[in-house]
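This is run_26.txt. It holds compact mmCIF, C-alpha atoms.
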```
# COMPACT_ATOMS: atom_id res chain seq x y z
CA MET U 156 0.00 0.00 0.00
CA VAL U 157 2.80 2.39 1.00
CA ARG U 158 4.70 1.52 -2.16
CA ARG U 159 1.64 2.24 -4.26
CA VAL U 160 1.21 5.68 -2.64
CA ILE U 161 4.84 6.50 -3.29
CA LEU U 162 4.46 5.37 -6.89
CA TYR U 163 1.38 7.55 -7.35
CA ARG U 164 3.19 10.55 -5.90
CA PHE U 165 6.14 9.92 -8.16
CA VAL U 166 3.93 9.73 -11.25
CA PHE U 167 1.99 12.83 -10.17
CA PHE U 168 5.19 14.81 -9.64
CA GLY U 169 6.63 13.59 -12.94
CA PHE U 170 3.50 14.64 -14.80
CA PHE U 171 3.69 18.23 -13.58
CA LEU U 172 7.44 18.29 -14.10
CA SER U 173 6.90 17.28 -17.73
CA LEU U 174 4.32 20.05 -18.12
CA PHE U 175 6.81 22.57 -16.80
CA TRP U 176 9.47 21.26 -19.14
CA VAL U 177 7.15 21.53 -22.16
CA GLU U 178 6.20 25.07 -21.14
CA SER U 179 9.87 26.02 -20.89
CA ALA U 180 10.67 24.47 -24.23
CA LEU U 181 7.86 26.31 -25.94
CA SER U 182 8.58 29.63 -24.29
CA ASP U 183 9.97 31.89 -27.00
CA ASN U 184 9.92 35.22 -25.24
CA LYS U 185 13.52 34.63 -24.23
CA ALA U 186 16.69 34.43 -26.25
CA ARG U 187 20.40 34.22 -25.61
CA LEU U 188 23.44 35.91 -27.09
CA VAL U 189 26.83 34.32 -26.50
CA LEU U 190 29.89 36.55 -26.68
CA GLY U 191 33.45 35.33 -26.72
CA GLY U 192 36.94 35.56 -28.04
CA ARG U 193 40.12 33.57 -27.86
CA VAL U 194 43.72 34.48 -27.31
CA PRO U 195 46.10 31.81 -28.62
CA ALA U 196 48.96 30.59 -26.48
CA SER U 197 52.24 31.99 -27.60
CA LEU U 198 55.74 32.68 -26.51
CA ARG U 199 56.66 36.25 -27.19
CA ALA U 200 60.29 37.13 -27.68
CA SER U 201 61.76 40.58 -27.87
CA TRP U 202 65.23 41.98 -27.86
CA VAL U 203 66.22 44.34 -25.11
CA TRP U 204 69.45 45.96 -24.12
CA LYS U 205 70.74 45.44 -20.63
CA GLY U 206 73.29 48.18 -20.63
CA SER U 207 75.51 47.28 -23.53
CA VAL U 208 74.49 43.61 -23.45
CA PRO U 209 71.79 42.50 -25.88
CA SER U 210 69.31 40.11 -24.30
CA VAL U 211 66.09 38.32 -25.18
CA VAL U 212 62.95 38.64 -23.10
CA LEU U 213 60.62 35.66 -23.34
CA GLN U 214 57.06 35.84 -22.10
CA ASN U 215 54.59 33.00 -21.78
CA ASN U 216 50.94 34.10 -22.02
CA SER U 217 49.52 30.65 -21.38
CA ALA U 218 47.61 29.76 -18.25
CA GLN U 219 49.88 26.75 -17.89
CA SER U 220 53.59 26.37 -17.63
CA GLN U 221 55.15 25.55 -20.94
CA GLY U 222 58.53 24.44 -22.03
CA TYR U 223 60.23 26.00 -25.01
CA GLY U 224 63.30 24.92 -26.84
CA ILE U 225 65.92 27.42 -27.79
CA LYS U 226 68.42 26.55 -30.46
CA GLU U 227 71.50 28.57 -30.84
CA GLY U 228 74.65 27.51 -32.58
CA GLY U 229 73.63 23.87 -32.55
CA ILE U 230 72.99 23.95 -28.81
CA GLU U 231 69.46 23.26 -27.67
CA LYS U 232 68.19 24.30 -24.33
CA VAL U 233 64.71 23.95 -22.92
CA ILE U 234 63.35 26.52 -20.53
CA PHE U 235 60.09 26.46 -18.63
CA LEU U 236 58.02 29.53 -18.03
CA LYS U 237 55.09 29.78 -15.66
CA MET U 238 51.91 31.66 -16.39
CA GLY U 239 52.71 35.24 -17.31
CA GLU U 240 56.36 34.76 -16.46
CA GLU U 241 59.06 36.70 -18.21
CA ARG U 242 62.58 35.35 -18.57
CA LEU U 243 65.59 37.29 -19.58
CA ILE U 244 68.02 35.30 -21.68
CA SER U 245 71.37 36.95 -21.65
CA GLU U 246 74.83 35.93 -22.63
CA LYS U 247 75.48 34.62 -19.14
CA GLN U 248 73.03 31.81 -19.85
CA PHE U 249 73.43 31.47 -23.53
CA GLY U 250 76.76 32.69 -24.65
CA ASP U 251 77.33 35.62 -26.94
CA LEU U 252 74.04 36.82 -28.42
CA LYS U 253 75.55 39.64 -30.37
CA THR U 254 76.29 37.78 -33.55
CA ARG U 255 74.20 34.65 -33.41
CA HIS U 256 70.70 33.78 -34.49
CA ILE U 257 68.35 32.35 -31.90
CA GLU U 258 65.43 30.18 -32.87
CA ILE U 259 62.55 29.79 -30.42
CA ALA U 260 59.89 27.12 -30.76
CA SER U 261 57.82 24.72 -28.73
CA PRO U 262 59.87 21.56 -28.09
CA MET W 176 -65.37 26.19 -2.85
CA LEU W 177 -63.92 29.61 -2.27
CA ASN W 178 -60.39 28.28 -2.46
CA LEU W 179 -61.14 26.55 -5.75
CA ASN W 180 -62.37 29.81 -7.29
CA ALA W 181 -59.32 31.65 -6.06
CA LEU W 182 -57.11 29.04 -7.66
CA LYS W 183 -58.91 29.36 -10.98
CA ILE W 184 -58.60 33.15 -10.94
CA THR W 185 -54.90 32.98 -10.14
CA THR W 186 -54.23 30.47 -12.89
CA LEU W 187 -56.10 32.62 -15.38
CA ALA W 188 -54.19 35.71 -14.37
CA LEU W 189 -50.83 33.98 -14.73
CA THR W 190 -51.78 32.66 -18.15
CA LEU W 191 -52.73 36.11 -19.35
CA ILE W 192 -49.57 37.67 -17.98
CA SER W 193 -47.37 35.07 -19.61
CA GLY W 194 -49.22 35.46 -22.88
CA VAL W 195 -48.74 39.21 -22.88
CA GLY W 196 -45.05 38.74 -22.12
CA ALA W 197 -44.57 36.35 -25.02
CA GLN W 198 -46.20 38.68 -27.46
CA ALA W 199 -44.06 41.68 -26.31
CA ALA W 200 -40.61 39.97 -27.06
CA THR W 201 -40.28 41.06 -30.71
CA THR W 202 -36.52 41.77 -30.49
CA GLY W 203 -33.52 39.96 -29.02
CA GLN W 204 -29.75 40.02 -28.85
CA ILE W 205 -26.99 37.52 -29.30
CA ASN W 206 -23.64 38.58 -27.89
CA LEU W 207 -20.72 37.32 -29.94
CA SER W 208 -17.14 37.72 -28.77
CA GLY W 209 -13.74 36.13 -28.93
CA SER W 210 -10.27 36.87 -27.62
CA VAL W 211 -6.69 36.70 -28.83
CA ASN W 212 -4.00 36.07 -26.28
CA VAL W 213 -1.05 38.43 -26.17
CA THR W 214 2.07 36.77 -27.52
CA TYR W 215 5.72 37.78 -27.57
CA ASP W 216 8.52 36.35 -29.60
CA ILE W 217 12.22 37.20 -29.64
CA SER W 218 15.00 35.57 -31.60
CA VAL W 219 18.70 36.24 -31.95
CA SER W 220 20.75 35.84 -35.09
CA GLN W 221 24.36 35.84 -33.98
CA ALA W 222 27.07 37.22 -36.20
CA ALA W 223 30.25 35.21 -36.56
CA ALA W 224 32.13 37.98 -34.79
CA ALA W 225 30.14 37.39 -31.58
CA THR W 226 32.30 34.42 -30.65
CA ASP W 227 35.44 35.54 -32.44
CA LEU W 228 36.12 38.82 -30.66
CA ASP W 229 39.58 40.33 -30.82
CA ILE W 230 40.59 40.24 -27.18
CA VAL W 231 44.09 41.54 -27.83
CA ASN W 232 43.27 44.56 -29.99
CA GLY W 233 39.72 45.27 -28.84
CA GLU W 234 36.52 45.96 -30.77
CA SER W 235 34.75 49.17 -31.65
CA GLY W 236 31.11 49.04 -32.66
CA THR W 237 31.42 45.51 -33.97
CA ASN W 238 28.12 43.96 -35.03
CA VAL W 239 27.55 40.81 -33.00
CA ALA W 240 23.84 40.07 -33.50
CA THR W 241 20.50 41.05 -34.97
CA VAL W 242 17.50 40.63 -32.70
CA THR W 243 13.99 40.18 -34.08
CA GLU W 244 11.18 41.30 -31.76
CA ILE W 245 7.56 40.34 -32.45
CA THR W 246 4.36 40.86 -30.47
CA ASN W 247 0.65 41.33 -31.07
CA ASN W 248 0.26 43.51 -27.99
CA PRO W 249 -1.35 46.81 -29.10
CA SER W 250 0.45 48.51 -26.22
CA GLY W 251 3.84 47.53 -27.58
CA TYR W 252 6.63 45.68 -25.79
CA LYS W 253 9.83 45.94 -23.84
CA VAL W 254 13.11 44.08 -24.30
CA THR W 255 15.34 43.51 -21.30
CA ILE W 256 18.90 42.29 -21.24
CA GLN W 257 21.02 40.72 -18.51
CA SER W 258 24.67 39.78 -18.53
CA GLN W 259 25.60 36.55 -16.75
CA ASN W 260 29.11 37.89 -16.04
CA SER W 261 28.16 41.44 -15.08
CA GLY W 262 29.38 42.89 -18.36
CA LEU W 263 32.72 41.12 -18.35
CA LEU W 264 34.26 38.69 -20.79
CA ILE W 265 35.85 36.28 -18.32
CA HIS W 266 38.76 33.92 -18.95
CA ASP W 267 37.69 30.29 -18.95
CA THR W 268 40.16 29.16 -16.28
CA VAL W 269 41.54 32.35 -14.73
CA ALA W 270 38.49 34.28 -13.53
CA SER W 271 40.56 37.29 -12.54
CA SER W 272 41.47 37.89 -16.18
CA THR W 273 38.57 39.87 -17.65
CA VAL W 274 37.59 42.32 -20.35
CA ASP W 275 35.04 45.03 -19.52
CA TYR W 276 32.75 45.69 -22.47
CA ASP W 277 29.79 47.87 -23.47
CA ILE W 278 27.10 47.10 -25.97
CA SER W 279 24.79 49.14 -28.13
CA TYR W 280 21.23 47.88 -28.58
CA ASN W 281 19.37 49.52 -31.45
CA GLY W 282 21.72 52.47 -31.16
CA VAL W 283 21.37 52.89 -27.40
CA SER W 284 24.50 52.34 -25.32
CA ILE W 285 24.26 49.92 -22.41
CA ASP W 286 26.89 49.06 -19.84
CA PRO W 287 25.83 45.58 -18.70
CA ASP W 288 26.15 45.24 -14.93
CA GLY W 289 24.53 41.90 -14.22
CA THR W 290 21.10 43.32 -13.42
CA VAL W 291 18.06 43.20 -15.70
CA GLN W 292 18.33 46.32 -17.86
CA THR W 293 15.85 47.71 -20.33
CA ALA W 294 17.32 47.60 -23.81
CA ARG W 295 14.37 48.84 -25.83
CA THR W 296 10.79 49.95 -25.23
CA VAL W 297 8.26 50.26 -28.06
CA ALA W 298 4.87 51.75 -27.20
CA SER W 299 3.07 51.30 -30.45
CA SER W 300 0.24 49.33 -31.93
CA ALA W 301 2.10 48.96 -35.18
CA VAL W 302 4.57 46.32 -34.12
CA SER W 303 3.60 43.62 -36.58
CA PRO W 304 5.31 41.78 -38.21
CA GLY W 305 8.12 42.86 -35.89
CA ASN W 306 11.14 45.03 -35.36
CA SER W 307 14.83 44.35 -35.69
CA SER W 308 17.55 45.62 -33.40
CA THR W 309 21.26 45.53 -34.06
CA VAL W 310 23.62 44.70 -31.20
CA THR W 311 27.20 45.94 -31.29
CA ILE W 312 30.07 45.57 -28.84
CA THR W 313 32.91 47.87 -27.84
CA PHE W 314 35.86 47.26 -25.55
CA THR W 315 39.52 48.07 -25.15
CA GLY W 316 41.86 45.20 -25.91
CA LEU W 317 44.20 43.67 -23.37
CA ASP W 318 47.11 44.33 -25.71
CA THR W 319 50.17 42.14 -25.25
CA ASP W 320 49.24 41.36 -21.66
CA ALA W 321 46.40 39.12 -22.83
CA LEU W 322 46.46 35.77 -21.12
CA ALA W 323 45.96 32.89 -23.53
CA GLY W 324 42.56 31.25 -23.41
CA THR W 325 38.90 31.89 -24.13
CA TYR W 326 37.02 34.89 -22.78
CA SER W 327 33.23 34.80 -22.81
CA ASP W 328 29.94 36.07 -21.47
CA THR W 329 26.27 35.33 -22.16
CA LEU W 330 23.51 37.90 -22.54
CA ASP W 331 19.96 36.80 -21.69
CA LEU W 332 17.28 38.71 -23.57
CA GLU W 333 13.57 38.73 -22.78
CA ILE W 334 10.58 40.41 -24.39
CA GLY W 335 7.43 41.31 -22.46
CA ALA W 336 4.84 43.94 -21.71
CA PRO W 337 6.06 47.55 -21.78
```

Before anything else, please render the file you have as structure tokens.
Amino acid sequence: MVRRVILYRFVFFGFFLSLFWVESALSDNKARLVLGGRVPASLRASWVWKGSVPSVVLQNNSAQSQGYGIKEGGIEKVIFLKMGEERLISEKQFGDLKTRHIEIASP
Amino acid sequence: MLNLNALKITTLALTLISGVGAQAATTGQINLSGSVNVTYDISVSQAAAATDLDIVNGESGTNVATVTEITNNPSGYKVTIQSQNSGLLIHDTVASSTVDYDISYNGVSIDPDGTVQTARTVASSAVSPGNSSTVTITFTGLDTDALAGTYSDTLDLEIGAP
């Protein structure tokens, strides 16, 4: 008997829930406009002068830490930058930057 | 015997009265009426730019949607708008990274603040088959400081009585 009452209540509730769902689905006095844009992950590199020493500033704009490989003169070095971190690559870390080409890419 | 006569007289009187009444009803009326429920309809046609906004360089008066507003209410209608992110395009994973934007609805500037704001009111009986409103967006870009990821917001629009 108790089970039957529970079943009836369940069916009753489901019936009105379905009515509400149908009403919501048919309601067309509301609409939605989605706005959005995307910024791609990138590693920005720019030359700066630290006094008379040319250096490279690397900046990671990703929300996650990323590793990047730097090739210079046949030497490859991977650096990791955290979110929004800037790293100054100078000749102390990477030899003489004055006359050499540096290639930066994701490893 | 007296009661029987009284009953006869009463019956006769009622018959005469009813007969006179039936002869006097030479006209009549039939009331005919019907009703039409008030309906409202709003639909949004999004432009491709709506979900491809230039977060780095910003946007200025960029068309993001055309809204079609329809009602049969002779008193007109009102369109309200509400931003789910209080007028901010929010980064998908870093909520502190945001872009504050303004919109223009049918030429009227609105700074969405998260509350229900009136975007357009039309008090006219001539609203059929409907009106169109253009929605544009304007914001200053984050420039090179832009954090990689997706920035978004949702605007809820509703049409109803003015």

**Study point:** Atomic separation - CA of Ile265 (chain W) relative to CA of Asp183 (chain U), Å
**Key:**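 Pair CA of Asp183 (chain U) / CA of Ile265 (chain W) returns 27.6 Å.
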
Dump as a Markdown table the rows for residues of chain W within 8 Å of chain U: closest atom pair and distance in Å with one decimal, all atoms listed in the file counted, ordered by chain and rising residue number.
```
| residue | atom | partner | partner_atom | distance |
| --- | --- | --- | --- | --- |
| W:Tyr215 | CA | U:Asn184 | CA | 5.4 |
| W:Asp216 | CA | U:Asn184 | CA | 4.7 |
| W:Ile217 | CA | U:Asn184 | CA | 5.3 |
| W:Ser218 | CA | U:Ala186 | CA | 5.7 |
| W:Val219 | CA | U:Ala186 | CA | 6.3 |
| W:Gln221 | CA | U:Leu188 | CA | 7.0 |
| W:Ala225 | CA | U:Leu190 | CA | 5.0 |
| W:Thr226 | CA | U:Gly191 | CA | 4.2 |
| W:Asp227 | CA | U:Gly192 | CA | 4.6 |
| W:Leu228 | CA | U:Gly192 | CA | 4.3 |
| W:Asp229 | CA | U:Gly192 | CA | 6.1 |
| W:Ile230 | CA | U:Gly192 | CA | 6.0 |
| W:Val231 | CA | U:Val194 | CA | 7.1 |
| W:Val239 | CA | U:Leu190 | CA | 8.0 |
| W:Ala240 | CA | U:Leu188 | CA | 7.7 |
| W:Leu264 | CA | U:Gly191 | CA | 6.9 |
| W:Thr268 | CA | U:Ala218 | CA | 7.7 |
| W:Val269 | CA | U:Ala218 | CA | 7.5 |
| W:Asp320 | CA | U:Asn216 | CA | 7.5 |
| W:Ala321 | CA | U:Asn216 | CA | 6.8 |
| W:Leu322 | CA | U:Asn216 | CA | 4.9 |
| W:Ala323 | CA | U:Val194 | CA | 4.7 |
| W:Gly324 | CA | U:Val194 | CA | 5.2 |
| W:Thr325 | CA | U:Arg193 | CA | 4.3 |
| W:Tyr326 | CA | U:Gly192 | CA | 5.3 |
| W:Ser327 | CA | U:Gly191 | CA | 4.0 |
| W:Asp328 | CA | U:Leu190 | CA | 5.2 |
| W:Thr329 | CA | U:Val189 | CA | 4.5 |
| W:Leu330 | CA | U:Leu188 | CA | 5.0 |
| W:Asp331 | CA | U:Arg187 | CA | 4.7 |
| W:Leu332 | CA | U:Ala186 | CA | 5.1 |
| W:Glu333 | CA | U:Lys185 | CA | 4.3 |
| W:Ile334 | CA | U:Asn184 | CA | 5.3 |
| W:Gly335 | CA | U:Asn184 | CA | 7.1 |
```

**Study point:** Pick from W:Gly282, W:Gly262, W:Gly203, W:Gly233 nearest to Ala294 (chain W), counting all atoms listed in the file
**Key:** W:Gly282
